[in-house]
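K.L.:
My structure is stored as entry-v3.txt, with compact mmCIF, C-alpha atoms.
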```txt
# COMPACT_ATOMS: atom_id res chain seq x y z
CA SER M 74 -3.06 18.93 27.77
CA SER M 75 -4.67 15.56 27.12
CA ASP M 76 -8.06 17.27 26.73
CA ARG M 77 -6.63 19.55 24.03
CA SER M 78 -5.08 16.57 22.26
CA ARG M 79 -8.37 14.67 22.34
CA ARG M 80 -10.22 17.68 20.92
CA LEU M 81 -7.68 18.03 18.12
CA VAL M 82 -7.86 14.30 17.28
CA SER M 83 -11.68 14.53 17.22
CA ALA M 84 -11.42 17.54 14.92
CA ALA M 85 -8.99 15.59 12.71
CA ALA M 86 -11.48 12.74 12.48
CA ALA M 87 -14.24 15.19 11.50
CA ALA M 88 -11.99 16.81 8.88
CA TRP M 89 -11.09 13.41 7.41
CA ARG M 90 -14.72 12.29 7.24
CA GLY M 91 -15.58 15.65 5.68
CA GLY M 92 -13.01 15.14 2.93
CA ASP M 93 -10.24 17.52 4.05
CA THR M 94 -7.20 15.24 4.22
CA GLU M 95 -4.64 18.05 4.62
CA ALA M 96 -6.52 19.56 7.55
CA ALA M 97 -6.88 16.14 9.18
CA LEU M 98 -3.14 15.49 9.01
CA ALA M 99 -2.32 19.02 10.23
CA LEU M 100 -4.65 18.58 13.22
CA LEU M 101 -3.09 15.21 14.06
CA ASP M 102 0.37 16.80 13.95
CA ARG M 103 -0.81 19.60 16.24
CA ALA M 104 -2.34 17.10 18.65
CA GLY M 105 0.99 15.35 19.10
CA ASP M 106 -1.09 12.39 20.22
CA ASP M 107 -0.02 8.78 19.78
CA GLY M 108 -3.25 7.43 21.28
CA LEU M 109 -5.25 4.67 19.64
CA LEU M 110 -7.70 6.90 17.76
CA ALA M 111 -4.89 9.03 16.37
CA ARG M 112 -3.03 5.91 15.20
CA PHE M 113 -6.21 4.54 13.61
CA LEU M 114 -6.75 7.80 11.72
CA ARG M 115 -3.13 7.92 10.54
CA GLY M 116 -3.38 4.32 9.35
CA GLU M 117 -6.64 4.92 7.51
CA ILE M 118 -5.36 8.10 5.88
CA GLU M 119 -2.16 6.31 4.82
CA LEU M 120 -4.20 3.48 3.27
CA ARG M 121 -6.41 5.87 1.29
CA THR M 122 -3.85 8.50 0.32
CA GLY M 123 -0.39 7.00 0.68
CA VAL M 124 1.40 3.65 0.74
CA PRO M 125 -0.68 0.62 1.82
CA GLU M 126 2.42 -1.16 3.17
CA ASP M 127 3.05 1.80 5.50
CA ALA M 128 -0.60 1.62 6.58
CA VAL M 129 -0.07 -2.01 7.65
CA ALA M 130 2.96 -0.93 9.70
CA ILE M 131 0.82 1.67 11.50
CA LEU M 132 -2.36 -0.35 11.96
CA LEU M 133 -1.14 -3.78 13.10
CA PRO M 134 0.82 -2.61 16.18
CA ALA M 135 -2.03 -0.21 17.02
CA ALA M 136 -4.57 -3.04 16.78
CA ALA M 137 -2.43 -5.22 19.06
CA ASP M 138 -2.48 -2.42 21.64
CA ALA M 139 -6.22 -1.81 21.19
CA VAL M 140 -7.43 -5.42 21.68
CA SER M 141 -7.73 -5.05 25.43
CA ALA M 142 -8.14 -1.25 25.67
CA ASP M 143 -10.75 -0.74 22.92
CA PRO M 144 -11.77 -3.98 21.16
CA ARG M 145 -14.26 -2.25 18.84
CA LEU M 146 -11.55 0.09 17.56
CA ALA M 147 -9.19 -2.89 17.23
CA LEU M 148 -11.76 -4.54 14.95
CA ARG M 149 -11.78 -1.59 12.60
CA MET M 150 -8.00 -1.31 12.65
CA LEU M 151 -7.71 -4.98 11.71
CA LEU M 152 -10.24 -4.64 8.90
CA LEU M 153 -8.22 -1.79 7.36
CA ALA M 154 -4.92 -3.59 8.01
CA ARG M 155 -6.16 -6.64 6.12
CA GLU M 156 -7.26 -4.47 3.19
CA ALA M 157 -3.87 -2.71 3.22
CA ALA M 158 -2.00 -6.04 3.36
CA TYR M 159 -3.85 -7.38 0.33
CA SER M 160 -3.46 -4.06 -1.52
CA SER M 161 0.30 -4.00 -0.97
CA GLY M 162 0.91 -7.71 -1.40
CA THR M 163 2.41 -7.95 2.11
CA VAL M 164 0.51 -11.14 2.86
CA ALA M 165 3.25 -12.22 5.28
CA GLU M 166 1.66 -9.75 7.69
CA LEU M 167 -1.60 -11.73 7.62
CA ALA M 168 -0.20 -14.31 10.06
CA GLU M 169 0.43 -11.54 12.59
CA LEU M 170 -3.05 -10.17 11.88
CA ASP M 171 -4.59 -13.60 12.56
CA GLU M 172 -2.75 -13.78 15.90
CA ILE M 173 -4.28 -10.44 16.95
CA VAL M 174 -7.74 -11.51 15.72
CA ALA M 175 -7.49 -14.63 17.90
CA ARG M 176 -7.21 -12.36 20.96
CA LEU M 177 -10.46 -10.49 20.22
CA PRO M 178 -13.45 -11.00 22.51
CA ASP M 179 -16.91 -11.96 21.27
CA PHE M 180 -19.11 -9.07 20.15
CA ASP M 181 -22.85 -8.56 20.64
CA ARG M 182 -23.51 -5.65 18.29
CA PRO M 183 -24.46 -6.82 14.78
CA ASP M 184 -21.96 -4.54 13.04
CA ASP M 185 -19.09 -5.67 15.28
CA ALA M 186 -20.12 -9.33 15.00
CA LEU M 187 -20.12 -9.17 11.20
CA ILE M 188 -16.64 -7.61 11.04
CA ALA M 189 -15.34 -10.15 13.56
CA LEU M 190 -16.84 -13.00 11.53
CA SER M 191 -15.15 -11.75 8.37
CA LEU M 192 -11.80 -11.39 10.15
CA ARG M 193 -12.04 -14.86 11.68
CA SER M 194 -12.91 -16.44 8.33
CA SER M 195 -9.68 -18.04 7.23
CA PRO M 196 -9.02 -18.52 3.52
CA THR M 197 -8.82 -22.24 4.33
CA ILE M 198 -12.50 -22.20 5.36
CA THR M 199 -14.62 -22.30 2.24
CA ALA M 200 -17.07 -19.52 1.65
CA ARG M 201 -19.83 -22.12 1.34
CA ASP M 202 -19.19 -23.25 4.92
CA GLN M 203 -19.44 -19.66 6.11
CA ALA M 204 -22.51 -18.72 4.08
CA PRO M 205 -25.21 -19.57 6.70
CA ALA M 206 -23.42 -17.65 9.47
CA VAL M 207 -22.79 -14.69 7.17
CA ALA M 208 -26.41 -14.64 5.99
CA GLY M 209 -27.53 -14.54 9.62
CA GLU M 210 -25.24 -11.63 10.45
CA LEU M 211 -26.21 -9.72 7.28
CA ALA M 212 -29.89 -10.12 8.16
CA ARG M 213 -29.20 -8.44 11.51
CA LEU M 214 -27.74 -5.44 9.66
CA ALA M 215 -30.94 -4.43 7.88
CA GLU M 216 -31.08 -1.03 9.55
CA VAL M 217 -27.40 -0.11 9.24
CA SER M 218 -26.87 3.28 7.62
CA ASP M 219 -23.12 3.86 7.96
CA PRO M 220 -21.77 3.82 4.37
CA GLU M 221 -18.38 2.32 5.20
CA LEU M 222 -19.98 -0.49 7.19
CA LEU M 223 -22.37 -1.09 4.28
CA LEU M 224 -19.33 -1.44 1.99
CA THR M 225 -17.81 -3.95 4.40
CA ALA M 226 -21.06 -5.90 4.49
CA GLY M 227 -21.21 -5.82 0.69
CA GLY M 228 -17.72 -7.27 0.46
CA ILE M 229 -18.64 -10.07 2.85
CA ALA M 230 -21.83 -10.85 0.90
CA LEU M 231 -19.72 -11.06 -2.26
CA TRP M 232 -17.28 -13.40 -0.54
CA VAL M 233 -20.02 -15.96 0.18
CA GLY M 234 -21.42 -15.62 -3.34
CA ASP M 235 -24.54 -13.55 -2.63
CA PHE M 236 -24.08 -11.17 -5.56
CA PRO M 237 -27.53 -9.50 -5.43
CA GLU M 238 -27.10 -8.72 -1.73
CA ALA M 239 -23.57 -7.40 -2.34
CA ARG M 240 -24.85 -5.10 -5.06
CA ARG M 241 -27.79 -3.92 -2.91
CA LEU M 242 -25.51 -3.10 0.04
CA ARG M 243 -22.96 -1.26 -2.09
CA THR M 244 -25.66 0.72 -3.88
CA LYS M 245 -27.08 1.66 -0.49
CA ALA M 246 -23.59 2.72 0.63
CA VAL M 247 -23.38 5.11 -2.34
CA ALA M 248 -26.81 6.56 -1.53
CA ARG M 249 -25.93 7.01 2.15
CA ALA M 250 -22.57 8.65 1.39
CA ARG M 251 -24.36 11.04 -0.98
CA ALA M 252 -27.00 11.86 1.64
CA LEU M 253 -24.32 12.53 4.27
CA GLY M 254 -22.20 14.63 1.91
CA ALA M 255 -19.27 12.34 2.69
CA ALA M 256 -17.29 12.99 -0.48
CA GLY M 257 -14.27 10.83 0.32
CA THR M 258 -16.42 7.88 1.36
CA LEU M 259 -18.51 8.32 -1.78
CA ALA M 260 -15.35 8.11 -3.92
CA LEU M 261 -14.47 4.90 -2.08
CA ALA M 262 -17.95 3.42 -2.54
CA LEU M 263 -17.88 4.22 -6.25
CA GLU M 264 -14.68 2.16 -6.58
CA TYR M 265 -16.88 -0.91 -6.10
CA VAL M 266 -19.97 0.23 -8.00
CA VAL M 267 -18.20 1.30 -11.22
CA PRO M 268 -16.95 -2.19 -12.18
CA GLU M 269 -20.34 -3.68 -11.27
CA GLU M 270 -22.05 -1.25 -13.64
CA ALA M 271 -19.55 -2.11 -16.37
CA GLU M 272 -20.09 -5.86 -15.86
CA LEU M 273 -23.84 -5.32 -16.27
CA GLY M 274 -23.19 -3.59 -19.59
CA ARG M 275 -24.13 -0.13 -18.31
CA LEU M 276 -21.01 1.47 -19.72
CA GLY M 277 -22.36 5.02 -19.84
CA ALA M 278 -23.35 4.89 -16.17
CA ALA M 279 -20.03 3.29 -15.26
CA GLU M 280 -18.09 6.05 -17.04
CA ALA M 281 -20.16 8.82 -15.42
CA LEU M 282 -19.69 7.31 -11.95
CA ALA M 283 -15.96 6.80 -12.50
CA ASP M 284 -15.62 10.44 -13.54
CA GLU M 285 -17.53 11.52 -10.45
CA GLY M 286 -15.37 9.27 -8.27
CA ARG M 287 -12.16 10.65 -9.80
CA GLN M 288 -13.26 14.23 -9.16
CA LEU M 289 -14.38 13.53 -5.59
CA ALA M 290 -11.18 11.63 -4.80
CA PHE M 291 -9.07 14.46 -6.22
CA GLU M 292 -10.99 17.08 -4.22
CA THR M 293 -10.63 15.12 -0.97
CA GLY M 294 -6.95 14.25 -1.40
CA ARG M 295 -7.55 10.52 -1.78
CA ARG M 296 -4.80 9.91 -4.29
CA ASN M 297 -5.16 6.13 -4.44
CA SER M 298 -8.88 6.34 -5.18
CA ALA M 299 -8.29 9.01 -7.81
CA ALA M 300 -5.74 6.78 -9.54
CA LEU M 301 -8.15 3.85 -9.56
CA HIS M 302 -10.98 5.94 -11.03
CA ARG M 303 -8.61 7.25 -13.70
CA ALA M 304 -7.77 3.65 -14.56
CA TYR M 305 -11.48 2.82 -14.82
CA LEU M 306 -11.99 5.76 -17.17
CA ALA M 307 -9.08 4.68 -19.36
CA HIS M 308 -10.50 1.15 -19.51
CA LEU M 309 -14.00 2.39 -20.35
CA ALA M 310 -12.89 4.90 -22.99
```
What is this file in structure tokens?
P.N.:
Amino acid sequence: SSDRSRRLVSAAAAAWRGGDTEAALALLDRAGDDGLLARFLRGEIELRTGVPEDAVAILLPAAADAVSADPRLALRMLLLAREAAYSSGTVAELAELDEIVARLPDFDRPDDALIALSLRSSPTITARDQAPAVAGELARLAEVSDPELLLTAGGIALWVGDFPEARRLRTKAVARARALGAAGTLALALEYVVPEEAELGRLGAAEALADEGRQLAFETGRRNSAALHRAYLAHLA
């Protein structure tokens, strides 16, 4: 039944957030659901554990379908699709992504508005031109506690050149992921914090965090994150 499928997809989402990738995929297979949330989860799991190019192929068509049905979910699909496109070098897909972004409505919630702003910011628009708008949206996010959204905000702050704010947001993302016991998200957050620590000359801290990130990524089945943390460790050795 559709109720059973929805329950299984919700359980898959909980398993994924809790760091059990295998259980998440098994629950999605059992659900037999090709609804928007299931497609979003499959795309996110593929980006973090599989082939980024395949994640693009899952997320872009799903986002196109979600624009009218669930614009907030479409936003998050597009954010991941853009990350996957850059990770895989499939920048040809960015034109299709921009076409979908152009169909998005305006958003009132600060978190949605910030993601939409980042998606609508073309590489041809200089970061300096965007800085005032981004600063305004970041200021509205003061109370945000979701670690993945904090990482997104940190990336946007970095894009407009606000390095202290980027570091503050990413550090907060690490703290929140720790507090929530979100091991997979913590491994992801540490991907950004490790190189920052190294750049600041804190090599011991960077190495310890990279080792923690590698272990967390391994335990949660996030193969791509584990590989990146191993590379950090090799560089820091």
K.L.:
In the coordinate frame of the file, compute which residues have an atom within 10 Å of (-10.9, 16.0, 14.3) when using only C-alpha atoms, and state them as number ranges by chain.
P.N.:
M: 78-91, 96-101, 104, 111, 114
K.L.:
Between M:Val217, M:Leu167, M:Leu261, M:Leu151, which has the minimum distance to Pro183 (chain M) (counting only C-alpha atoms)?
P.N.:
M:Val217
K.L.:
So how many Å separate CA of Leu177 (chain M) and CA of Pro144 (chain M), to one decimal?
P.N.:
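Result for CA of Leu177 (chain M) versus CA of Pro144 (chain M): 6.7 Å, one decimal.
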K.L.:
I'd like the neighbourhood of region 277-281 of chain M as a compact mmCIF listing (two decimals) with C-alpha atoms, in the frame of the given file, where a residue qualifies if any of its atoms comes within 12 Å (using all atoms listed in the file), though same-chain residues fewer than 3 positions away should be ignored.
P.N.:
```
# COMPACT_ATOMS: atom_id res chain seq x y z
CA LEU M 263 -17.88 4.22 -6.25
CA GLU M 264 -14.68 2.16 -6.58
CA TYR M 265 -16.88 -0.91 -6.10
CA VAL M 266 -19.97 0.23 -8.00
CA VAL M 267 -18.20 1.30 -11.22
CA PRO M 268 -16.95 -2.19 -12.18
CA GLU M 269 -20.34 -3.68 -11.27
CA GLU M 270 -22.05 -1.25 -13.64
CA ALA M 271 -19.55 -2.11 -16.37
CA GLU M 272 -20.09 -5.86 -15.86
CA LEU M 273 -23.84 -5.32 -16.27
CA GLY M 274 -23.19 -3.59 -19.59
CA ASP M 284 -15.62 10.44 -13.54
CA GLU M 285 -17.53 11.52 -10.45
CA GLY M 286 -15.37 9.27 -8.27
CA ARG M 287 -12.16 10.65 -9.80
CA GLN M 288 -13.26 14.23 -9.16
CA HIS M 302 -10.98 5.94 -11.03
CA ARG M 303 -8.61 7.25 -13.70
CA ALA M 304 -7.77 3.65 -14.56
CA TYR M 305 -11.48 2.82 -14.82
CA LEU M 306 -11.99 5.76 -17.17
CA ALA M 307 -9.08 4.68 -19.36
CA HIS M 308 -10.50 1.15 -19.51
CA LEU M 309 -14.00 2.39 -20.35
CA ALA M 310 -12.89 4.90 -22.99
```
K.L.:
Tell me which of M:Gly294, M:Gly105, M:Gly234, M:Gly227 sits closest to Ala262 (chain M), counting all atoms listed in the file.
P.N.:
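Among the listed residues, M:Gly227 lies closest to Ala262 (chain M).
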K.L.:
Quick one, how far is CA of Arg193 (chain M) from CA of Pro134 (chain M)?
P.N.:
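Computing the Euclidean distance for CA of Arg193 (chain M) and CA of Pro134 (chain M) yields 18.3 Å.
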K.L.:
Listed atoms of region 177-183 of chain M, axis-aligned box, 8 Å per side: centre and edge lengths to one decimal in Å, as JSON?
P.N.:
```
{"center_x": -17.5, "center_y": -8.8, "center_z": 18.6, "size_x": 30.0, "size_y": 22.3, "size_z": 23.7}
```
K.L.:
Record the distance separating CA of Phe113 (chain M) and CA of Arg243 (chain M), expressed in Å with one decimal.
P.N.:
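For CA of Phe113 (chain M) relative to CA of Arg243 (chain M), the distance reads 23.7 Å.
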K.L.:
Can you pull out the residues contacting Asn297 (chain M)? Cut-off 7 Å, using all atoms listed in the file, and skip same-chain residues under 3 positions away; I want them as a PyMOL selection string.
P.N.:
chain M and resi 121-122+300-301
K.L.:
Which is closer to Thr293 (chain M) than all the others in M:Ile188, M:Glu95, M:Ser75, M:Thr244, using all atoms listed in the file?
P.N.:
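Among the listed residues, M:Glu95 lies closest to Thr293 (chain M).
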K.L.:
Compare M:Thr94, M:Asp106, M:Leu224, M:Val124 by their minimum atom-to-atom distance to Arg77 (chain M), counting only C-alpha atoms, and give me the closest one.
P.N.:
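So, comparing all the options, the nearest one is M:Asp106.
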K.L.:
For a quick check of understanding, using all atoms listed in the file, which of M:Ala260, M:Ile229, M:Leu109, M:Ala168 has the smallest distance to Asp143 (chain M)?
P.N.:
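Among the listed residues, M:Leu109 lies closest to Asp143 (chain M).
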K.L.:
Within 7 Å of Leu132 (chain M), counting only C-alpha atoms, which residues qualify if same-chain residues fewer than 2 places away don't, as a PyMOL selection string?
P.N.:
chain M and resi 113+116+128-130+134-136+150+154
K.L.:
Which one of M:Leu259, M:Leu253, M:Val247, M:Leu211 sits closest to Asp235 (chain M) if you count all atoms listed in the file?
P.N.:
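Checking each of M:Leu259, M:Leu253, M:Val247, M:Leu211 against Asp235 (chain M), counting all atoms listed in the file, the winner is M:Leu211.
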K.L.:
May I have the residues within 8 Å of Leu120 (chain M) as a PyMOL selection string, using all atoms listed in the file and disregarding those fewer than 5 positions away in the same chain?
P.N.:
chain M and resi 125+127-128+153+157
K.L.:
Quick one: write out the picked residues with C-alpha atoms as a PDB file, keeping the file's coordinate frame?
P.N.:
```pdb
ATOM      1  CA  PRO M 125      -0.680   0.620   1.820  1.00  0.00           C
ATOM      2  CA  ASP M 127       3.050   1.800   5.500  1.00  0.00           C
ATOM      3  CA  ALA M 128      -0.600   1.620   6.580  1.00  0.00           C
ATOM      4  CA  LEU M 153      -8.220  -1.790   7.360  1.00  0.00           C
ATOM      5  CA  ALA M 157      -3.870  -2.710   3.220  1.00  0.00           C
TER       6      ALA M 157
END
```
K.L.:
For Arg145 (chain M), please output as a VMD selection string all residues within 10 Å (counting all atoms listed in the file; exclusion window: fewer than 3 positions along the same chain).
P.N.:
chain M and resid 136 139 to 142 148 to 150 177 to 178 180 182 184 to 186 188 to 189
K.L.:
Could region 272-297 of chain M be completed with N, CA and C atoms and written as a PDB file, keeping the file's coordinate frame, please?
P.N.:
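The resulting file, rebuild-v2.pdb, is shown below:
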```pdb
ATOM      1  N   GLU M 272     -19.807  -4.436 -15.650  1.00  0.00           N
ATOM      2  CA  GLU M 272     -20.090  -5.860 -15.860  1.00  0.00           C
ATOM      3  C   GLU M 272     -21.532  -6.081 -16.310  1.00  0.00           C
ATOM      4  N   LEU M 273     -22.425  -5.202 -15.881  1.00  0.00           N
ATOM      5  CA  LEU M 273     -23.840  -5.320 -16.270  1.00  0.00           C
ATOM      6  C   LEU M 273     -24.097  -4.688 -17.641  1.00  0.00           C
ATOM      7  N   GLY M 274     -23.038  -4.177 -18.269  1.00  0.00           N
ATOM      8  CA  GLY M 274     -23.190  -3.590 -19.590  1.00  0.00           C
ATOM      9  C   GLY M 274     -23.642  -2.146 -19.587  1.00  0.00           C
ATOM     10  N   ARG M 275     -23.696  -1.537 -18.413  1.00  0.00           N
ATOM     11  CA  ARG M 275     -24.130  -0.130 -18.310  1.00  0.00           C
ATOM     12  C   ARG M 275     -22.896   0.769 -18.395  1.00  0.00           C
ATOM     13  N   LEU M 276     -22.301   0.817 -19.569  1.00  0.00           N
ATOM     14  CA  LEU M 276     -21.010   1.470 -19.720  1.00  0.00           C
ATOM     15  C   LEU M 276     -21.090   2.980 -19.550  1.00  0.00           C
ATOM     16  N   GLY M 277     -22.191   3.582 -20.004  1.00  0.00           N
ATOM     17  CA  GLY M 277     -22.360   5.020 -19.840  1.00  0.00           C
ATOM     18  C   GLY M 277     -22.442   5.396 -18.368  1.00  0.00           C
ATOM     19  N   ALA M 278     -23.221   4.630 -17.615  1.00  0.00           N
ATOM     20  CA  ALA M 278     -23.350   4.890 -16.170  1.00  0.00           C
ATOM     21  C   ALA M 278     -22.018   4.661 -15.478  1.00  0.00           C
ATOM     22  N   ALA M 279     -21.318   3.597 -15.868  1.00  0.00           N
ATOM     23  CA  ALA M 279     -20.030   3.290 -15.260  1.00  0.00           C
ATOM     24  C   ALA M 279     -19.043   4.443 -15.485  1.00  0.00           C
ATOM     25  N   GLU M 280     -19.024   4.963 -16.717  1.00  0.00           N
ATOM     26  CA  GLU M 280     -18.090   6.050 -17.040  1.00  0.00           C
ATOM     27  C   GLU M 280     -18.446   7.317 -16.254  1.00  0.00           C
ATOM     28  N   ALA M 281     -19.736   7.622 -16.154  1.00  0.00           N
ATOM     29  CA  ALA M 281     -20.160   8.820 -15.420  1.00  0.00           C
ATOM     30  C   ALA M 281     -19.796   8.701 -13.935  1.00  0.00           C
ATOM     31  N   LEU M 282     -19.991   7.517 -13.367  1.00  0.00           N
ATOM     32  CA  LEU M 282     -19.690   7.310 -11.950  1.00  0.00           C
ATOM     33  C   LEU M 282     -18.182   7.332 -11.704  1.00  0.00           C
ATOM     34  N   ALA M 283     -17.417   6.775 -12.643  1.00  0.00           N
ATOM     35  CA  ALA M 283     -15.960   6.800 -12.500  1.00  0.00           C
ATOM     36  C   ALA M 283     -15.441   8.236 -12.571  1.00  0.00           C
ATOM     37  N   ASP M 284     -16.031   9.044 -13.439  1.00  0.00           N
ATOM     38  CA  ASP M 284     -15.620  10.440 -13.540  1.00  0.00           C
ATOM     39  C   ASP M 284     -15.967  11.199 -12.262  1.00  0.00           C
ATOM     40  N   GLU M 285     -17.146  10.910 -11.728  1.00  0.00           N
ATOM     41  CA  GLU M 285     -17.530  11.520 -10.450  1.00  0.00           C
ATOM     42  C   GLU M 285     -16.576  11.093  -9.336  1.00  0.00           C
ATOM     43  N   GLY M 286     -16.278   9.794  -9.294  1.00  0.00           N
ATOM     44  CA  GLY M 286     -15.370   9.270  -8.270  1.00  0.00           C
ATOM     45  C   GLY M 286     -13.989   9.890  -8.362  1.00  0.00           C
ATOM     46  N   ARG M 287     -13.478  10.040  -9.601  1.00  0.00           N
ATOM     47  CA  ARG M 287     -12.160  10.650  -9.800  1.00  0.00           C
ATOM     48  C   ARG M 287     -12.147  12.085  -9.271  1.00  0.00           C
ATOM     49  N   GLN M 288     -13.193  12.835  -9.594  1.00  0.00           N
ATOM     50  CA  GLN M 288     -13.260  14.230  -9.160  1.00  0.00           C
ATOM     51  C   GLN M 288     -13.365  14.335  -7.642  1.00  0.00           C
ATOM     52  N   LEU M 289     -14.222  13.511  -7.045  1.00  0.00           N
ATOM     53  CA  LEU M 289     -14.380  13.530  -5.590  1.00  0.00           C
ATOM     54  C   LEU M 289     -13.085  13.132  -4.888  1.00  0.00           C
ATOM     55  N   ALA M 290     -12.428  12.097  -5.421  1.00  0.00           N
ATOM     56  CA  ALA M 290     -11.180  11.630  -4.800  1.00  0.00           C
ATOM     57  C   ALA M 290     -10.105  12.713  -4.897  1.00  0.00           C
ATOM     58  N   PHE M 291     -10.048  13.380  -6.044  1.00  0.00           N
ATOM     59  CA  PHE M 291      -9.070  14.460  -6.220  1.00  0.00           C
ATOM     60  C   PHE M 291      -9.343  15.591  -5.230  1.00  0.00           C
ATOM     61  N   GLU M 292     -10.611  15.961  -5.102  1.00  0.00           N
ATOM     62  CA  GLU M 292     -10.990  17.080  -4.220  1.00  0.00           C
ATOM     63  C   GLU M 292     -10.715  16.768  -2.756  1.00  0.00           C
ATOM     64  N   THR M 293     -10.793  15.496  -2.378  1.00  0.00           N
ATOM     65  CA  THR M 293     -10.630  15.120  -0.970  1.00  0.00           C
ATOM     66  C   THR M 293      -9.234  14.585  -0.663  1.00  0.00           C
ATOM     67  N   GLY M 294      -8.333  14.655  -1.641  1.00  0.00           N
ATOM     68  CA  GLY M 294      -6.950  14.250  -1.400  1.00  0.00           C
ATOM     69  C   GLY M 294      -6.743  12.753  -1.303  1.00  0.00           C
ATOM     70  N   ARG M 295      -7.697  11.986  -1.819  1.00  0.00           N
ATOM     71  CA  ARG M 295      -7.550  10.520  -1.780  1.00  0.00           C
ATOM     72  C   ARG M 295      -6.875  10.059  -3.072  1.00  0.00           C
ATOM     73  N   ARG M 296      -5.564  10.137  -3.059  1.00  0.00           N
ATOM     74  CA  ARG M 296      -4.800   9.910  -4.290  1.00  0.00           C
ATOM     75  C   ARG M 296      -4.994   8.502  -4.846  1.00  0.00           C
ATOM     76  N   ASN M 297      -5.057   7.513  -3.970  1.00  0.00           N
ATOM     77  CA  ASN M 297      -5.160   6.130  -4.440  1.00  0.00           C
ATOM     78  C   ASN M 297      -6.508   5.892  -5.126  1.00  0.00           C
TER      79      ASN M 297
END
```
